[in-house]
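Here is entry-v1.pdb, consisting of PDB, C-alpha atoms and all ligand atoms:
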```
ATOM      1  CA  MET A   1      62.922  99.631 116.016
ATOM      2  CA  PRO A   2      63.168 101.984 113.000
ATOM      3  CA  THR A   3      64.633 100.360 109.896
ATOM      4  CA  GLU A   4      66.136 101.713 106.698
ATOM      5  CA  ARG A   5      68.100 100.631 103.659
ATOM      6  CA  HIS A   6      71.761 101.434 104.214
ATOM      7  CA  GLY A   7      74.442 100.449 101.745
ATOM      8  CA  GLY A   8      72.336  97.539 100.571
ATOM      9  CA  GLU A   9      71.639  96.249 104.071
ATOM     10  CA  LEU A  10      68.342  96.413 105.876
ATOM     11  CA  VAL A  11      69.245  97.942 109.183
ATOM     12  CA  GLY A  12      67.611  98.993 112.403
ATOM     13  CA  THR A  13      68.873 101.736 114.673
ATOM     14  CA  LEU A  14      69.524 101.498 118.391
ATOM     15  CA  ARG A  15      70.995 104.097 120.688
ATOM     16  CA  PHE A  16      73.183 103.160 123.622
ATOM     17  CA  ALA A  17      75.972 104.456 125.779
ATOM     18  CA  HIS A  18      79.446 103.151 125.050
ATOM     19  CA  PRO A  19      82.284 102.868 127.591
ATOM     20  CA  THR A  20      84.168 105.531 125.645
ATOM     21  CA  GLY A  21      81.598 107.966 127.008
ATOM     22  CA  VAL A  22      80.151 108.691 123.593
ATOM     23  CA  ASN A  23      76.527 107.848 122.917
ATOM     24  CA  TRP A  24      76.565 105.827 119.739
ATOM     25  CA  ARG A  25      73.934 105.002 117.210
ATOM     26  CA  ALA A  26      74.190 101.275 116.675
ATOM     27  CA  ARG A  27      73.370  99.538 113.472
ATOM     28  CA  CYS A  28      71.652  96.217 113.812
ATOM     29  CA  ALA A  29      72.105  94.538 110.468
ATOM     30  CA  LEU A  30      69.239  92.260 109.575
ATOM     31  CA  PRO A  31      70.495  89.008 108.057
ATOM     32  CA  THR A  32      70.980  89.531 104.330
ATOM     33  CA  LEU A  33      73.577  88.591 101.762
ATOM     34  CA  ARG A  34      74.392  91.315  99.278
ATOM     35  CA  LEU A  35      75.398  90.742  95.695
ATOM     36  CA  PHE A  36      77.283  93.587  94.090
ATOM     37  CA  SER A  37      75.725  95.210  91.077
ATOM     38  CA  GLY A  38      78.810  96.776  89.485
ATOM     39  CA  GLY A  39      79.474 100.505  89.239
ATOM     40  CA  GLY A  40      82.413 102.791  89.944
ATOM     41  CA  TRP A  41      84.890 103.234  92.778
ATOM     42  CA  GLY A  42      83.795 105.802  95.347
ATOM     43  CA  ASP A  43      82.363 108.268  92.840
ATOM     44  CA  SER A  44      78.717 107.681  93.566
ATOM     45  CA  ASP A  45      76.418 106.964  96.456
ATOM     46  CA  ASP A  46      75.376 103.491  97.427
ATOM     47  CA  HIS A  47      74.658 101.089  94.635
ATOM     48  CA  PRO A  48      71.527  99.122  95.364
ATOM     49  CA  PRO A  49      72.149  95.410  95.512
ATOM     50  CA  VAL A  50      70.955  93.220  92.679
ATOM     51  CA  ALA A  51      69.337  90.882  95.138
ATOM     52  CA  THR A  52      69.423  89.863  98.748
ATOM     53  CA  GLN A  53      68.917  86.486 100.264
ATOM     54  CA  PRO A  54      68.779  85.331 103.879
ATOM     55  CA  LEU A  55      71.910  84.289 105.675
ATOM     56  CA  SER A  56      71.752  81.504 108.146
ATOM     57  CA  GLY A  57      72.717  82.610 111.615
ATOM     58  CA  TYR A  58      72.404  85.834 113.502
ATOM     59  CA  VAL A  59      74.473  88.949 112.784
ATOM     60  CA  PRO A  60      75.061  90.668 116.141
ATOM     61  CA  PRO A  61      74.495  94.409 116.542
ATOM     62  CA  THR A  62      77.438  96.576 115.597
ATOM     63  CA  MET A  63      78.187 100.276 115.784
ATOM     64  CA  ASN A  64      77.427 102.422 112.784
ATOM     65  CA  THR A  65      80.424 102.478 110.479
ATOM     66  CA  PRO A  66      81.532 106.124 110.256
ATOM     67  CA  GLU A  67      80.717 107.561 106.829
ATOM     68  CA  VAL A  68      83.800 108.879 105.064
ATOM     69  CA  PRO A  69      83.058 112.080 103.095
ATOM     70  CA  LYS A  70      82.427 111.761  99.404
ATOM     71  CA  SER A  71      85.408 114.059  98.662
ATOM     72  CA  ILE A  72      87.764 111.434 100.157
ATOM     73  CA  ARG A  73      85.898 108.507  98.633
ATOM     74  CA  ARG A  74      86.094 110.057  95.205
ATOM     75  CA  LEU A  75      89.866 110.694  95.346
ATOM     76  CA  ALA A  76      90.576 107.280  96.833
ATOM     77  CA  GLY A  77      88.296 105.644  94.312
ATOM     78  CA  ARG A  78      90.217 107.258  91.494
ATOM     79  CA  ALA A  79      93.545 106.105  92.938
ATOM     80  CA  ILE A  80      92.235 102.572  93.461
ATOM     81  CA  ALA A  81      91.138 102.447  89.829
ATOM     82  CA  ASP A  82      94.290 104.154  88.456
ATOM     83  CA  PHE A  83      96.587 101.698  90.208
ATOM     84  CA  ASP A  84      94.333  98.621  90.059
ATOM     85  CA  MET A  85      94.622  98.304  93.819
ATOM     86  CA  ILE A  86      91.641  96.114  94.708
ATOM     87  CA  ARG A  87      90.611  92.937  92.939
ATOM     88  CA  GLU A  88      87.762  90.478  93.241
ATOM     89  CA  GLY A  89      88.065  88.376  96.385
ATOM     90  CA  ASP A  90      90.893  90.375  97.970
ATOM     91  CA  ARG A  91      91.278  90.119 101.726
ATOM     92  CA  ILE A  92      92.728  93.452 102.801
ATOM     93  CA  LEU A  93      94.489  94.014 106.105
ATOM     94  CA  VAL A  94      94.810  97.666 107.135
ATOM     95  CA  GLY A  95      97.960  98.583 109.035
ATOM     96  CA  LEU A  96      96.296 100.514 111.853
ATOM     97  CA  SER A  97      98.671 102.658 113.893
ATOM     98  CA  GLY A  98      95.778 104.544 115.461
ATOM     99  CA  GLY A  99      96.671 107.782 113.700
ATOM    100  CA  LYS A 100      94.082 109.805 111.815
ATOM    101  CA  ASP A 101      95.260 108.499 108.441
ATOM    102  CA  SER A 102      95.088 104.772 109.130
ATOM    103  CA  LEU A 103      91.739 105.157 110.916
ATOM    104  CA  THR A 104      90.404 107.084 107.932
ATOM    105  CA  LEU A 105      91.706 104.377 105.615
ATOM    106  CA  LEU A 106      90.009 101.640 107.616
ATOM    107  CA  TRP A 107      86.607 103.320 107.462
ATOM    108  CA  LEU A 108      87.115 104.290 103.834
ATOM    109  CA  LEU A 109      87.701 100.675 102.831
ATOM    110  CA  ARG A 110      84.834  99.454 105.002
ATOM    111  CA  ASN A 111      82.609 102.055 103.299
ATOM    112  CA  LEU A 112      83.816 101.084  99.829
ATOM    113  CA  ALA A 113      83.298  97.383 100.508
ATOM    114  CA  ARG A 114      79.561  98.132 100.630
ATOM    115  CA  ARG A 115      79.595  99.996  97.327
ATOM    116  CA  ALA A 116      82.432  98.632  95.228
ATOM    117  CA  PRO A 117      82.097  96.852  91.904
ATOM    118  CA  VAL A 118      84.110  93.918  93.296
ATOM    119  CA  ARG A 119      83.769  91.919  96.480
ATOM    120  CA  PHE A 120      86.513  92.245  99.092
ATOM    121  CA  GLU A 121      86.980  91.967 102.855
ATOM    122  CA  VAL A 122      88.667  94.375 105.247
ATOM    123  CA  GLY A 123      90.339  93.683 108.579
ATOM    124  CA  ALA A 124      92.945  95.569 110.580
ATOM    125  CA  VAL A 125      96.129  94.915 112.487
ATOM    126  CA  THR A 126      97.903  97.047 115.059
ATOM    127  CA  ILE A 127     101.484  96.453 116.069
ATOM    128  CA  ASP A 128     102.155  97.683 119.587
ATOM    129  CA  PRO A 129     105.918  98.262 119.809
ATOM    130  CA  ARG A 130     105.688  98.586 123.600
ATOM    131  CA  ILE A 131     107.280 101.983 123.634
ATOM    132  CA  GLU A 132     106.668 104.051 126.726
ATOM    133  CA  GLY A 133     104.330 106.916 125.978
ATOM    134  CA  PHE A 134     102.747 105.234 122.961
ATOM    135  CA  ASP A 135      99.722 103.126 123.821
ATOM    136  CA  PRO A 136      97.456 101.916 121.025
ATOM    137  CA  GLY A 137      95.643  99.498 123.373
ATOM    138  CA  ARG A 138      92.341 101.379 123.416
ATOM    139  CA  LEU A 139      91.838 100.615 119.730
ATOM    140  CA  ARG A 140      90.815  97.101 120.753
ATOM    141  CA  ASP A 141      87.606  98.187 122.500
ATOM    142  CA  TYR A 142      86.815 100.698 119.795
ATOM    143  CA  LEU A 143      87.066  98.232 116.917
ATOM    144  CA  ALA A 144      85.365  95.427 118.820
ATOM    145  CA  ALA A 145      82.252  97.594 119.008
ATOM    146  CA  PHE A 146      82.130  97.753 115.203
ATOM    147  CA  GLY A 147      82.746  94.063 114.647
ATOM    148  CA  VAL A 148      85.861  94.698 112.570
ATOM    149  CA  PRO A 149      88.175  91.661 112.235
ATOM    150  CA  TYR A 150      91.093  92.936 114.260
ATOM    151  CA  PHE A 151      94.501  91.648 115.278
ATOM    152  CA  PHE A 152      96.566  93.275 118.008
ATOM    153  CA  VAL A 153     100.209  92.239 118.055
ATOM    154  CA  SER A 154     102.376  93.335 120.969
ATOM    155  CA  GLU A 155     106.119  92.997 120.547
ATOM    156  CA  PRO A 156     108.952  94.436 122.697
ATOM    157  CA  ILE A 157     110.563  96.273 119.788
ATOM    158  CA  ALA A 158     112.486  98.688 122.023
ATOM    159  CA  GLU A 159     114.147  95.743 123.785
ATOM    160  CA  LEU A 160     114.897  94.011 120.488
ATOM    161  CA  ALA A 161     116.441  97.209 119.141
ATOM    162  CA  GLU A 162     119.052  97.215 121.894
ATOM    163  CA  ARG A 163     120.349  93.857 120.673
ATOM    164  CA  HIS A 164     119.726  93.946 116.920
ATOM    165  CA  MET A 165     119.490  97.527 115.700
ATOM    166  CA  GLY A 166     122.846  97.818 113.976
ATOM    167  CA  LYS A 167     123.332 101.064 112.043
ATOM    168  CA  ASP A 168     119.622 101.840 111.648
ATOM    169  CA  SER A 169     117.974 104.666 113.506
ATOM    170  CA  PHE A 170     115.576 103.333 116.102
ATOM    171  CA  CYS A 171     112.582 104.520 114.107
ATOM    172  CA  ALA A 172     113.831 102.779 110.944
ATOM    173  CA  PHE A 173     114.394  99.567 112.927
ATOM    174  CA  CYS A 174     110.956  99.841 114.517
ATOM    175  CA  ALA A 175     109.260 100.508 111.155
ATOM    176  CA  ARG A 176     110.962  97.476 109.632
ATOM    177  CA  MET A 177     109.985  95.271 112.559
ATOM    178  CA  LYS A 178     106.407  96.498 112.443
ATOM    179  CA  ARG A 179     106.169  95.877 108.729
ATOM    180  CA  GLY A 180     107.493  92.332 109.152
ATOM    181  CA  LEU A 181     104.907  91.644 111.880
ATOM    182  CA  ILE A 182     102.122  93.006 109.664
ATOM    183  CA  TYR A 183     103.209  90.640 106.884
ATOM    184  CA  ARG A 184     103.353  87.718 109.282
ATOM    185  CA  THR A 185      99.873  88.480 110.604
ATOM    186  CA  ALA A 186      98.492  88.733 107.065
ATOM    187  CA  ARG A 187      99.962  85.370 106.132
ATOM    188  CA  GLU A 188      98.748  83.680 109.292
ATOM    189  CA  GLN A 189      95.235  85.099 108.946
ATOM    190  CA  GLY A 190      94.824  84.561 105.207
ATOM    191  CA  TYR A 191      95.000  88.170 103.979
ATOM    192  CA  ASN A 192      96.622  88.839 100.613
ATOM    193  CA  VAL A 193      96.749  92.665 100.578
ATOM    194  CA  ILE A 194      98.204  95.150 103.076
ATOM    195  CA  ALA A 195      96.661  98.646 103.028
ATOM    196  CA  LEU A 196      98.694 101.554 104.375
ATOM    197  CA  GLY A 197      97.502 105.050 105.163
ATOM    198  CA  GLN A 198     100.081 107.326 103.570
ATOM    199  CA  HIS A 199      98.502 110.259 101.747
ATOM    200  CA  LEU A 200      99.584 112.807  99.145
ATOM    201  CA  ASP A 201     101.337 115.029 101.699
ATOM    202  CA  ASP A 202     103.390 112.038 102.894
ATOM    203  CA  LEU A 203     104.405 111.171  99.349
ATOM    204  CA  ALA A 204     105.372 114.774  98.580
ATOM    205  CA  GLU A 205     107.494 114.989 101.736
ATOM    206  CA  SER A 206     109.226 111.683 100.929
ATOM    207  CA  PHE A 207     109.820 112.893  97.381
ATOM    208  CA  LEU A 208     111.543 116.074  98.580
ATOM    209  CA  MET A 209     113.583 114.299 101.245
ATOM    210  CA  SER A 210     114.790 111.796  98.704
ATOM    211  CA  ALA A 211     115.728 114.473  96.179
ATOM    212  CA  PHE A 212     117.298 116.829  98.726
ATOM    213  CA  HIS A 213     119.186 114.319 100.851
ATOM    214  CA  GLY A 214     119.349 111.086  98.875
ATOM    215  CA  GLY A 215     119.984 112.528  95.407
ATOM    216  CA  GLN A 216     117.264 110.299  93.993
ATOM    217  CA  LEU A 217     113.841 110.762  92.477
ATOM    218  CA  ARG A 218     111.804 108.442  94.672
ATOM    219  CA  THR A 219     108.647 108.319  96.665
ATOM    220  CA  MET A 220     106.385 105.629  98.084
ATOM    221  CA  LYS A 221     104.621 103.397  95.611
ATOM    222  CA  ALA A 222     100.869 103.355  95.320
ATOM    223  CA  HIS A 223     100.684  99.610  94.707
ATOM    224  CA  TYR A 224     103.314  96.902  94.504
ATOM    225  CA  ARG A 225     103.954  93.254  95.216
ATOM    226  CA  ILE A 226     106.525  92.515  97.912
ATOM    227  CA  ASP A 227     109.705  90.637  97.068
ATOM    228  CA  ALA A 228     108.388  87.360  98.485
ATOM    229  CA  GLY A 229     105.590  87.581  95.918
ATOM    230  CA  ASP A 230     102.679  86.532  98.108
ATOM    231  CA  LEU A 231     101.412  89.910  99.341
ATOM    232  CA  ARG A 232     100.492  93.175  97.664
ATOM    233  CA  VAL A 233     100.804  96.554  99.365
ATOM    234  CA  ILE A 234      98.358  99.333  98.478
ATOM    235  CA  ARG A 235      98.054 102.989  99.507
ATOM    236  CA  PRO A 236      94.537 104.098  98.603
ATOM    237  CA  LEU A 237      95.013 107.620 100.062
ATOM    238  CA  VAL A 238      97.784 108.676  97.666
ATOM    239  CA  TYR A 239      95.528 111.362  96.113
ATOM    240  CA  VAL A 240      94.018 112.463  99.431
ATOM    241  CA  ARG A 241      95.343 115.461 101.343
ATOM    242  CA  GLU A 242      96.306 115.243 104.984
ATOM    243  CA  ARG A 243      93.885 118.011 105.938
ATOM    244  CA  GLN A 244      91.043 115.836 104.641
ATOM    245  CA  THR A 245      91.902 112.967 106.983
ATOM    246  CA  ARG A 246      92.375 115.440 109.843
ATOM    247  CA  ASP A 247      88.952 116.999 109.225
ATOM    248  CA  PHE A 248      87.261 113.616 108.959
ATOM    249  CA  ALA A 249      88.931 112.343 112.134
ATOM    250  CA  ALA A 250      87.678 115.380 114.035
ATOM    251  CA  ALA A 251      84.162 115.277 112.579
ATOM    252  CA  ALA A 252      83.765 111.542 113.207
ATOM    253  CA  GLU A 253      85.389 111.763 116.648
ATOM    254  CA  LEU A 254      87.798 108.986 115.769
ATOM    255  CA  PRO A 255      89.864 107.795 118.745
ATOM    256  CA  VAL A 256      93.086 109.116 117.274
ATOM    257  CA  ILE A 257      96.246 108.249 119.128
ATOM    258  CA  PRO A 258      98.331 111.402 118.872
ATOM    259  CA  ASP A 259     101.718 111.203 117.193
ATOM    260  CA  SER A 260     103.276 110.903 120.598
ATOM    261  CA  CYS A 261     105.836 108.161 120.111
ATOM    262  CA  PRO A 262     108.811 109.584 122.014
ATOM    263  CA  ALA A 263     111.211 107.820 119.671
ATOM    264  CA  CYS A 264     110.155 109.875 116.664
ATOM    265  CA  PHE A 265     107.906 112.754 117.591
ATOM    266  CA  ALA A 266     109.599 114.335 120.570
ATOM    267  CA  LYS A 267     111.776 116.522 118.404
ATOM    268  CA  PRO A 268     111.206 118.233 115.076
ATOM    269  CA  THR A 269     111.996 115.844 112.249
ATOM    270  CA  GLU A 270     113.131 116.266 108.704
ATOM    271  CA  ARG A 271     109.620 115.319 107.631
ATOM    272  CA  GLU A 272     108.210 118.200 109.693
ATOM    273  CA  HIS A 273     110.677 120.523 108.041
ATOM    274  CA  MET A 274     109.510 119.432 104.577
ATOM    275  CA  LYS A 275     105.901 119.765 105.660
ATOM    276  CA  ALA A 276     106.497 123.379 106.667
ATOM    277  CA  LEU A 277     108.395 124.084 103.464
ATOM    278  CA  LEU A 278     105.569 122.684 101.342
ATOM    279  CA  ALA A 279     102.963 124.636 103.313
ATOM    280  CA  ARG A 280     104.793 127.906 102.678
ATOM    281  CA  GLU A 281     105.085 127.104  98.992
ATOM    282  CA  GLU A 282     101.438 126.098  98.725
ATOM    283  CA  ASP A 283     100.422 129.490 100.111
ATOM    284  CA  LEU A 284     102.094 131.038  97.095
ATOM    285  CA  HIS A 285     101.126 128.360  94.562
ATOM    286  CA  PRO A 286      97.769 126.757  95.310
ATOM    287  CA  ARG A 287      98.214 124.119  92.571
ATOM    288  CA  LEU A 288     101.439 122.885  94.147
ATOM    289  CA  PHE A 289     100.189 119.478  95.287
ATOM    290  CA  ARG A 290      98.306 118.852  92.079
ATOM    291  CA  ASN A 291     101.528 119.463  90.161
ATOM    292  CA  LEU A 292     103.550 117.331  92.559
ATOM    293  CA  ARG A 293     101.070 114.523  92.115
ATOM    294  CA  THR A 294     101.547 114.675  88.367
ATOM    295  CA  ALA A 295     105.325 114.806  88.744
ATOM    296  CA  MET A 296     105.347 111.829  91.108
ATOM    297  CA  ASP A 297     102.992 109.663  89.094
ATOM    298  CA  PRO A 298     105.722 107.676  87.292
ATOM    299  CA  LEU A 299     107.558 107.192  90.596
ATOM    300  CA  MET A 300     104.435 105.888  92.286
ATOM    301  CA  ARG A 301     104.157 103.310  89.511
ATOM    302  CA  ALA A 302     107.814 102.414  89.042
ATOM    303  CA  ASP A 303     108.634  98.724  89.523
ATOM    304  CA  ASP A 304     112.354  99.124  89.617
ATOM    305  CA  PRO A 305     113.922  99.321  92.118
ATOM    306  CA  PRO A 306     111.164  97.842  94.284
ATOM    307  CA  GLU A 307     110.361  99.060  97.741
ATOM    308  CA  ARG A 308     112.139  97.063 100.414
ATOM    309  CA  GLU A 309     110.143  94.793 102.658
ATOM    310  CA  ASP A 310     110.544  97.249 105.503
ATOM    311  CA  GLY A 311     108.589  99.776 103.419
ATOM    312  CA  ARG A 312     111.469 102.154 102.941
ATOM    313  CA  ALA A 313     111.240 103.975  99.651
ATOM    314  CA  VAL A 314     114.671 105.557  99.953
ATOM    315  CA  PRO A 315     117.230 102.901 100.799
ATOM    316  CA  SER A 316     120.261 105.176 100.552
ATOM    317  CA  SER A 317     119.099 107.634 103.184
ATOM    318  CA  GLY A 318     116.335 105.861 105.037
ATOM    319  CA  VAL A 319     114.428 109.112 105.205
ATOM    320  CA  ALA A 320     111.118 107.588 104.172
ATOM    321  CA  ALA A 321     111.086 105.130 107.012
ATOM    322  CA  GLY A 322     108.867 105.774 109.948
ATOM    323  CA  HIS A 323     105.331 105.596 111.155
ATOM    324  CA  GLU A 324     102.907 103.399 109.267
ATOM    325  CA  GLY A 325     100.258 106.060 109.108
TER
HETATM  326  S1  LIG B   1     107.183 106.622 115.232
HETATM  327 FE1  LIG B   1     108.934 105.310 114.678
HETATM  328  S2  LIG B   1     109.648 104.442 116.631
HETATM  329 FE2  LIG B   1     107.586 105.299 117.000
HETATM  330  S3  LIG B   1     106.192 103.571 116.712
HETATM  331 FE3  LIG B   1     106.317 104.612 114.725
HETATM  332  S4  LIG B   1     107.966 103.565 113.630
HETATM  333 FE4  LIG B   1     108.162 102.981 115.789
END
```
Structure rendered as structure tokens:
Amino acid sequence: MPTERHGGELVGTLRFAHPTGVNWRARCALPTLRLFSGGGWGDSDDHPPVATQPLSGYVPPTMNTPEVPKSIRRLAGRAIADFDMIREGDRILVGLSGGKDSLTLLWLLRNLARRAPVRFEVGAVTIDPRIEGFDPGRLRDYLAAFGVPYFFVSEPIAELAERHMGKDSFCAFCARMKRGLIYRTAREQGYNVIALGQHLDDLAESFLMSAFHGGQLRTMKAHYRIDAGDLRVIRPLVYVRERQTRDFAAAAELPVIPDSCPACFAKPTEREHMKALLAREEDLHPRLFRNLRTAMDPLMRADDPPEREDGRAVPSSGVAAGHEG
């Protein structure tokens, strides 16, 4: 079996057919324990470990973790450092909807965990709202093949909405329910950080919707502590463009679940309208998103008023509610 050094691990390579129909290259990690050697966040290639020592027990073969491009790692690394998102010993739970953004975020953090100057762990949780036409179930087989700690929570949110929705839109109710279930899973499983996949395009769209329809200068925060105080929420992709996650998802053949939730994606949304508006403007002004990022920086940092526990950045209009990435 050929072996190589990969991210500080001694690995061998196997090839086998996976039930998804894709022939995968599998990484068989030989038992080692890596000690981080310091260095930057995502701006360089693998840092060699200071030392390795044997682990007791056998590490079973896993699929090769998809390699996220350096262009994404570099931008995410800068955001992580700018907003002090990841700290020594963090246990990070990625909110995995199955969209291209949350899948990219999962592999980004798994990549960074091999290279980062601090030690942290990464798992994932998917909330299945049991909405007809939206089936994230196949993520279970996919992630099992990589050995990612993974939690799949199925909850009849559509049924609950009929009884408890109140004045919310269904999507706002669903987003709030999903966020609460993510928090509960994190607490039960001992995670202290929730990672969400919103990117720069999402933040820009939320910013415009809030200004246009809510009369407020708001967007999603890059990093904050929830009201209850026990969990932090981070968004490492806040400097990354949507087209970068789309390109990576296609290149890595990620099992993206299309934005097919009939509750939110069957008809054009206000977010889609803002997306089109921004695209037209960017054609004329290529630095548009760089400028928007600068303009939004204080809003991404602002502590007051805090984001609500349902993740909504714009309480007065609810326009920032929706899919978890
Ligand atoms: S799009 Fe809206 S309704 Fe559909 S799963 Fe996401 S949050 Fe729920």
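Of the residues under consideration (A:Cys261, A:Ile92, A:Leu103, A:Val256), A:Cys261 shows the shortest atom-to-atom contact distance to ligand LIG 1 (chain B) when counting only C-alpha atoms and all ligand atoms.
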Of A:Ala276, A:Ala204, A:Ala263, A:Leu237, the one nearest to Phe289 (chain A) when counting only C-alpha atoms is A:Ala204
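For the choices A:Lys275, A:Lys221, A:Arg301, A:Lys178, the atom-to-atom distance to ligand LIG 1 (chain B) is smallest for A:Lys178 when using all atoms listed in the file.
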Target residues per the PyMOL selection byres (((chain A and resi 65) around 8) and not hetatm), formatted as a short mmCIF file (atom, residue, chain, number, x, y, z; two decimals) with C-alpha atoms, keeping the file's coordinate frame:
```
data_model
loop_
_atom_site.label_atom_id
_atom_site.label_comp_id
_atom_site.auth_asym_id
_atom_site.auth_seq_id
_atom_site.Cartn_x
_atom_site.Cartn_y
_atom_site.Cartn_z
CA MET A 63 78.19 100.28 115.78
CA ASN A 64 77.43 102.42 112.78
CA PRO A 66 81.53 106.12 110.26
CA GLU A 67 80.72 107.56 106.83
CA TRP A 107 86.61 103.32 107.46
CA ARG A 110 84.83 99.45 105.00
CA ASN A 111 82.61 102.06 103.30
CA PHE A 146 82.13 97.75 115.20
#
```
Take the PyMOL selection byres (((chain A and resi 200) around 12) and not hetatm), apply it to the structure above, and return the hits as a PDB file with C-alpha atoms, in the frame of the given file.
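Written output follows (out-v5.pdb):
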```
ATOM      1  CA  ILE A  72      87.764 111.434 100.157  1.00  0.00           C
ATOM      2  CA  LEU A  75      89.866 110.694  95.346  1.00  0.00           C
ATOM      3  CA  ALA A  76      90.576 107.280  96.833  1.00  0.00           C
ATOM      4  CA  ALA A  79      93.545 106.105  92.938  1.00  0.00           C
ATOM      5  CA  ASP A 101      95.260 108.499 108.441  1.00  0.00           C
ATOM      6  CA  GLY A 197      97.502 105.050 105.163  1.00  0.00           C
ATOM      7  CA  GLN A 198     100.081 107.326 103.570  1.00  0.00           C
ATOM      8  CA  HIS A 199      98.502 110.259 101.747  1.00  0.00           C
ATOM      9  CA  ASP A 201     101.337 115.029 101.699  1.00  0.00           C
ATOM     10  CA  ASP A 202     103.390 112.038 102.894  1.00  0.00           C
ATOM     11  CA  LEU A 203     104.405 111.171  99.349  1.00  0.00           C
ATOM     12  CA  ALA A 204     105.372 114.774  98.580  1.00  0.00           C
ATOM     13  CA  GLU A 205     107.494 114.989 101.736  1.00  0.00           C
ATOM     14  CA  SER A 206     109.226 111.683 100.929  1.00  0.00           C
ATOM     15  CA  PHE A 207     109.820 112.893  97.381  1.00  0.00           C
ATOM     16  CA  THR A 219     108.647 108.319  96.665  1.00  0.00           C
ATOM     17  CA  MET A 220     106.385 105.629  98.084  1.00  0.00           C
ATOM     18  CA  LYS A 221     104.621 103.397  95.611  1.00  0.00           C
ATOM     19  CA  ALA A 222     100.869 103.355  95.320  1.00  0.00           C
ATOM     20  CA  ARG A 235      98.054 102.989  99.507  1.00  0.00           C
ATOM     21  CA  PRO A 236      94.537 104.098  98.603  1.00  0.00           C
ATOM     22  CA  LEU A 237      95.013 107.620 100.062  1.00  0.00           C
ATOM     23  CA  VAL A 238      97.784 108.676  97.666  1.00  0.00           C
ATOM     24  CA  TYR A 239      95.528 111.362  96.113  1.00  0.00           C
ATOM     25  CA  VAL A 240      94.018 112.463  99.431  1.00  0.00           C
ATOM     26  CA  ARG A 241      95.343 115.461 101.343  1.00  0.00           C
ATOM     27  CA  GLU A 242      96.306 115.243 104.984  1.00  0.00           C
ATOM     28  CA  ARG A 243      93.885 118.011 105.938  1.00  0.00           C
ATOM     29  CA  GLN A 244      91.043 115.836 104.641  1.00  0.00           C
ATOM     30  CA  THR A 245      91.902 112.967 106.983  1.00  0.00           C
ATOM     31  CA  LYS A 275     105.901 119.765 105.660  1.00  0.00           C
ATOM     32  CA  LEU A 278     105.569 122.684 101.342  1.00  0.00           C
ATOM     33  CA  LEU A 288     101.439 122.885  94.147  1.00  0.00           C
ATOM     34  CA  PHE A 289     100.189 119.478  95.287  1.00  0.00           C
ATOM     35  CA  ARG A 290      98.306 118.852  92.079  1.00  0.00           C
ATOM     36  CA  ASN A 291     101.528 119.463  90.161  1.00  0.00           C
ATOM     37  CA  LEU A 292     103.550 117.331  92.559  1.00  0.00           C
ATOM     38  CA  ARG A 293     101.070 114.523  92.115  1.00  0.00           C
ATOM     39  CA  THR A 294     101.547 114.675  88.367  1.00  0.00           C
ATOM     40  CA  MET A 296     105.347 111.829  91.108  1.00  0.00           C
ATOM     41  CA  ASP A 297     102.992 109.663  89.094  1.00  0.00           C
ATOM     42  CA  MET A 300     104.435 105.888  92.286  1.00  0.00           C
TER      43      MET A 300
END
```
One decimal place gives the CA of Cys171 (chain A)-CA of Leu108 (chain A) separation as 27.5 Å
Around ligand LIG 1 (chain B), fit a box with edges along x, y and z, padding it by 6 Å on each side, then list its centre and edge lengths in Å to one decimal as lines of an AutoDock Vina configuration file.
```
center_x = 107.9
center_y = 104.8
center_z = 115.3
size_x = 15.5
size_y = 15.6
size_z = 15.4
```
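For the choices A:Ala81, A:Ala211, A:Ile226, A:Ile257, the atom-to-atom distance to ligand LIG 1 (chain B) is smallest for A:Ile257 when using all atoms listed in the file.
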Residues near Val233 (chain A), anyone? I mean within 9 Å using only C-alpha atoms, not counting same-chain ones fewer than 3 positions away, as a list in words. Met85, Asn192, Val193, Ile194, Ala195, Leu196, Lys221, Ala222, His223, Tyr224, Arg225 and Ile226 of chain A
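Among the candidates A:Arg115, A:Arg271, A:Arg140, A:Arg176, the residue lying nearest to ligand LIG 1 (chain B) is A:Arg176 (atoms considered: only C-alpha atoms and all ligand atoms).
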Residues near Ser102 (chain A), cut-off 6 Å, only C-alpha atoms, skip fewer than 3 positions along chain, as a list in words: Leu96, Gly99, Leu105, Gly197 and Gly325 of chain A
Do a neighbour search on region 124-135 of chain A at 6 Å with all atoms listed in the file, toss out local chain neighbours closer than 5 positions, and write the hits as a short mmCIF file (atom, residue, chain, number, x, y, z; two decimals) with C-alpha atoms, keeping the file's coordinate frame.
```
data_model
loop_
_atom_site.label_atom_id
_atom_site.label_comp_id
_atom_site.auth_asym_id
_atom_site.auth_seq_id
_atom_site.Cartn_x
_atom_site.Cartn_y
_atom_site.Cartn_z
CA LEU A 93 94.49 94.01 106.10
CA VAL A 94 94.81 97.67 107.14
CA GLY A 95 97.96 98.58 109.04
CA LEU A 96 96.30 100.51 111.85
CA SER A 97 98.67 102.66 113.89
CA TYR A 150 91.09 92.94 114.26
CA PHE A 151 94.50 91.65 115.28
CA PHE A 152 96.57 93.28 118.01
CA VAL A 153 100.21 92.24 118.06
CA SER A 154 102.38 93.34 120.97
CA GLU A 155 106.12 93.00 120.55
CA PRO A 156 108.95 94.44 122.70
CA ILE A 157 110.56 96.27 119.79
CA CYS A 261 105.84 108.16 120.11
#
```
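Closest to ligand LIG 1 (chain B) among A:Ile80, A:Leu106, A:Met177, A:Leu143 is A:Met177, based on all atoms listed in the file.
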